[in-house]
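Below is one structure, written out as structure tokens; comments come after it.
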Amino acid sequence: MKVVFYHEYSLTACGPLNARAAEVCRKGALIKTDEGGYGCIHPWPELGDATLQEELDALRKGSPLPLGVRAVECARTDGEARAKGISLFDGLHIPASHATLPSCVSPATIRIMESKGFKAGKIKASPNLAAALERLTMLASMVPAWRWRLDFNGCLNENDSLKFWKSLPHHLKTRIDFIEDPCPFSIQSWERLVDAGMPLALDMGSDSEHQPAISSDLPIIRIVKPAREAIPAYLYEAPVFTTVMDHPVGQLWAVYQAADYYRNALPTEIPLCGLCTHLLFEPDPFIDQMGGMNPQVAVPAGTGLGFDGMLEALPWKKL
């Protein structure tokens, strides 16, 4: 199997999507293999990924970079299902997700999300600690029943991470599911944060080849992004699957991996995931098929990951 075609796309967000990225127009590429499978490459160079052009050049040479490796794996799985005429989602339960909230989210939108069944919110936190606390306090006051997840994208140091945690009033601390990547990972730093009572989650970012040795003595929730890494062999906590805020094809790869991983789990064993990221972007024909403000993604009809006719109709270019 080899990648023979690609299609570049762009997604427009309503505001900055994390603490390190200000660009709201995000570019990526869909790939198509000679066996009829599809995948998605959506780099975040601000977080250490290679550029899209570097990923495509490496694919062309037959030596894919990390995102390309995972996109090819997605295309292989997708192509096998399409060849059999089946959907990858047949018989699977789609895990529910938290609401990923952009910086521009309105109070009305949050209340609509609450009415649609969302039970938790995730925010990309600012390195400005006062601003981060102010935003969390304001959002939490709007939906008193919600739990919260914060992602700093490693933009703090250990001391500022502790300072932020200590600045939270008790009533907010009790509503925090986890704080993701407050500072760059090291055993010593994160042990200190755990000892201070901070619930932590680790996202490897682009460094998925160098996973830290986390033991059961260091209770950290693992964020798994199928666009960047295969599911780690040993996980001590139930992992939270998320997208890389990519095209719906890439989003559905994360949805499938989460649903397949938790195929035999009891509902109480499945954590809220981060799979509804199409809501961060302006609508387009693909996004329109993913459903509205609902904690469970509406997977499209069709074979494999879906979108059969829509994908075939794209203006593909030879790689």
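All residue names refer to the structure tokens as shown: chains lettered A, B, ... in order, residues numbered from 1 in each chain, ligands numbered from 1 in order.
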
**OP:** May I have the residues within 7 Å of range 302-313 of chain A as a ChimeraX atom specification, using only C-alpha atoms and disregarding those fewer than 6 positions away in the same chain?
**Re:** /A:78-79,81-82,85-88,252

Original post:
Per DSSP on the backbone, what are the helix (DSSP H, G or I) residues of range 8-170 of chain A, as a PyMOL selection string?
Top reply: chain A and resi 45-47+52-60+66-84+107-115+129-142+158-167+170

Original post:
range 57-63 of chain A: which residues within 8 Å, counting only C-alpha atoms, same-chain residues fewer than 4 positions away excluded, as a ChimeraX atom specification?
Top reply: /A:3,53,68,319

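Here the question is which of A:Asp203, A:Glu114, A:Glu282, A:Asp160 gets nearest to Phe178 in chain A using only C-alpha atoms, and that residue is A:Asp203.
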
**OP:** Find the residues around range 30-34 of chain A up to 12 Å (only C-alpha atoms counted), leave out those fewer than 6 positions away in its own chain, and share them as a VMD selection string.
**Re:** chain A and resid 1 to 10 40 to 43 52 55 to 56 59 to 60 67 to 80 83 246 to 251 311 to 312 314 to 319

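Candidate residues A:Pro283, A:Val24, A:Trp148, A:Asp177 were compared for distance to Pro102 in chain A, and the nearest is A:Val24, using only C-alpha atoms.
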
Original post:
If you run DSSP on the backbone, which residues of range 49-239 of chain A are strand (DSSP E), as a VMD selection string?
Top reply: chain A and resid 99 to 101 120 to 124 147 to 151 176 to 180 200 to 203 220 to 224

Those same residues - C-alpha atoms - I'd like them written as a PDB file, in the first residue's frame.
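Result file follows (selection.pdb):
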```
ATOM      1  CA  ALA A  99     -17.099  20.628  25.413  1.00  0.00           C
ATOM      2  CA  THR A 100     -13.893  22.114  24.035  1.00  0.00           C
ATOM      3  CA  LEU A 101     -14.389  25.846  24.479  1.00  0.00           C
ATOM      4  CA  ALA A 120     -17.687  19.135  31.390  1.00  0.00           C
ATOM      5  CA  GLY A 121     -15.747  21.857  29.665  1.00  0.00           C
ATOM      6  CA  LYS A 122     -12.143  22.003  28.509  1.00  0.00           C
ATOM      7  CA  ILE A 123     -10.321  25.287  28.056  1.00  0.00           C
ATOM      8  CA  LYS A 124      -6.930  26.134  26.655  1.00  0.00           C
ATOM      9  CA  ARG A 147     -16.555  19.747  35.737  1.00  0.00           C
ATOM     10  CA  TRP A 148     -13.467  21.343  34.188  1.00  0.00           C
ATOM     11  CA  ARG A 149     -10.326  20.393  32.309  1.00  0.00           C
ATOM     12  CA  LEU A 150      -7.524  22.879  31.646  1.00  0.00           C
ATOM     13  CA  ASP A 151      -4.695  22.572  29.124  1.00  0.00           C
ATOM     14  CA  ILE A 176     -11.240  20.060  38.224  1.00  0.00           C
ATOM     15  CA  ASP A 177     -10.948  16.718  36.416  1.00  0.00           C
ATOM     16  CA  PHE A 178      -7.359  17.398  35.417  1.00  0.00           C
ATOM     17  CA  ILE A 179      -4.828  19.999  34.402  1.00  0.00           C
ATOM     18  CA  GLU A 180      -3.122  18.922  31.201  1.00  0.00           C
ATOM     19  CA  LEU A 200      -2.582  15.866  36.085  1.00  0.00           C
ATOM     20  CA  ALA A 201      -2.973  14.731  32.492  1.00  0.00           C
ATOM     21  CA  LEU A 202      -0.134  14.164  30.056  1.00  0.00           C
ATOM     22  CA  ASP A 203      -0.259  14.786  26.320  1.00  0.00           C
ATOM     23  CA  ILE A 220      -1.509  10.705  35.680  1.00  0.00           C
ATOM     24  CA  ILE A 221      -4.290  10.547  33.117  1.00  0.00           C
ATOM     25  CA  ARG A 222      -2.940   9.895  29.660  1.00  0.00           C
ATOM     26  CA  ILE A 223      -4.247  11.974  26.753  1.00  0.00           C
ATOM     27  CA  VAL A 224      -4.130   9.800  23.619  1.00  0.00           C
TER      28      VAL A 224
END
```

Long-range neighbours of range 265-279 of chain A as a JSON list (two decimals) with N, CA, C and O atoms, in the first residue's frame, 6 Å cut-off, only C-alpha atoms, 2 positions minimum in chain:
```json
[["chain", "number", "residue", "atom", "x", "y", "z"],
["A", 96, "ALA", "N", -18.88, 9.66, 24.93],
["A", 96, "ALA", "CA", -19.27, 11.07, 25.05],
["A", 96, "ALA", "C", -18.03, 11.92, 25.27],
["A", 96, "ALA", "O", -16.97, 11.43, 25.69],
["A", 97, "SER", "N", -18.17, 13.22, 24.99],
["A", 97, "SER", "CA", -17.03, 14.14, 25.07],
["A", 97, "SER", "C", -17.34, 15.34, 25.95],
["A", 97, "SER", "O", -18.51, 15.69, 26.17],
["A", 98, "HIS", "N", -16.27, 15.96, 26.42],
["A", 98, "HIS", "CA", -16.40, 17.27, 27.04],
["A", 98, "HIS", "C", -16.61, 18.31, 25.94],
["A", 98, "HIS", "O", -16.45, 18.03, 24.75],
["A", 240, "VAL", "N", -7.90, 9.35, 28.04],
["A", 240, "VAL", "CA", -8.85, 10.26, 27.43],
["A", 240, "VAL", "C", -8.42, 10.46, 25.98],
["A", 240, "VAL", "O", -7.35, 11.02, 25.72],
["A", 241, "PHE", "N", -9.22, 9.99, 25.05],
["A", 241, "PHE", "CA", -8.91, 10.15, 23.63],
["A", 241, "PHE", "C", -9.35, 11.53, 23.16],
["A", 241, "PHE", "O", -10.46, 11.97, 23.47],
["A", 242, "THR", "N", -8.49, 12.18, 22.39],
["A", 242, "THR", "CA", -8.84, 13.48, 21.82],
["A", 242, "THR", "C", -8.34, 13.55, 20.38],
["A", 242, "THR", "O", -7.50, 12.78, 19.95],
["A", 243, "THR", "N", -8.87, 14.52, 19.66],
["A", 243, "THR", "CA", -8.38, 14.80, 18.31],
["A", 243, "THR", "C", -7.21, 15.79, 18.41],
["A", 243, "THR", "O", -6.89, 16.28, 19.49],
["A", 245, "MET", "N", -7.65, 18.53, 16.75],
["A", 245, "MET", "CA", -8.42, 19.63, 16.17],
["A", 245, "MET", "C", -8.19, 19.70, 14.67],
["A", 245, "MET", "O", -7.76, 20.71, 14.12],
["A", 262, "TYR", "N", -12.57, 1.14, 23.97],
["A", 262, "TYR", "CA", -13.53, 0.94, 25.05],
["A", 262, "TYR", "C", -14.68, 0.01, 24.63],
["A", 262, "TYR", "O", -15.74, 0.01, 25.26],
["A", 263, "ARG", "N", -14.44, -0.79, 23.62],
["A", 263, "ARG", "CA", -15.47, -1.67, 23.07],
["A", 263, "ARG", "C", -16.14, -2.54, 24.13],
["A", 263, "ARG", "O", -17.36, -2.73, 24.13],
["A", 281, "PHE", "N", -14.85, 25.02, 14.65],
["A", 281, "PHE", "CA", -14.59, 25.59, 13.33],
["A", 281, "PHE", "C", -15.86, 26.03, 12.63],
["A", 281, "PHE", "O", -16.96, 25.55, 12.92]]
```

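Using only C-alpha atoms, the nearest neighbour of Arg175 in chain A within the list A:Gly154, A:Gly91, A:Gly28, A:Pro144 is A:Pro144.
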
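The gap separating CA of Gly36 in chain A from CA of Phe286 in chain A is 18.6 Å, in Å to one decimal.
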
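Between Pro219 in chain A and the candidates A:Tyr256, A:Trp190, A:Trp146, A:Phe164, the tightest atom-to-atom separation, counting only C-alpha atoms, involves A:Trp190.
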
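Restricting the calculation to only C-alpha atoms, the smallest distance between Ser161 in chain A and any of A:Leu129, A:Cys25, A:Leu92, A:Leu280 is found for A:Leu129.
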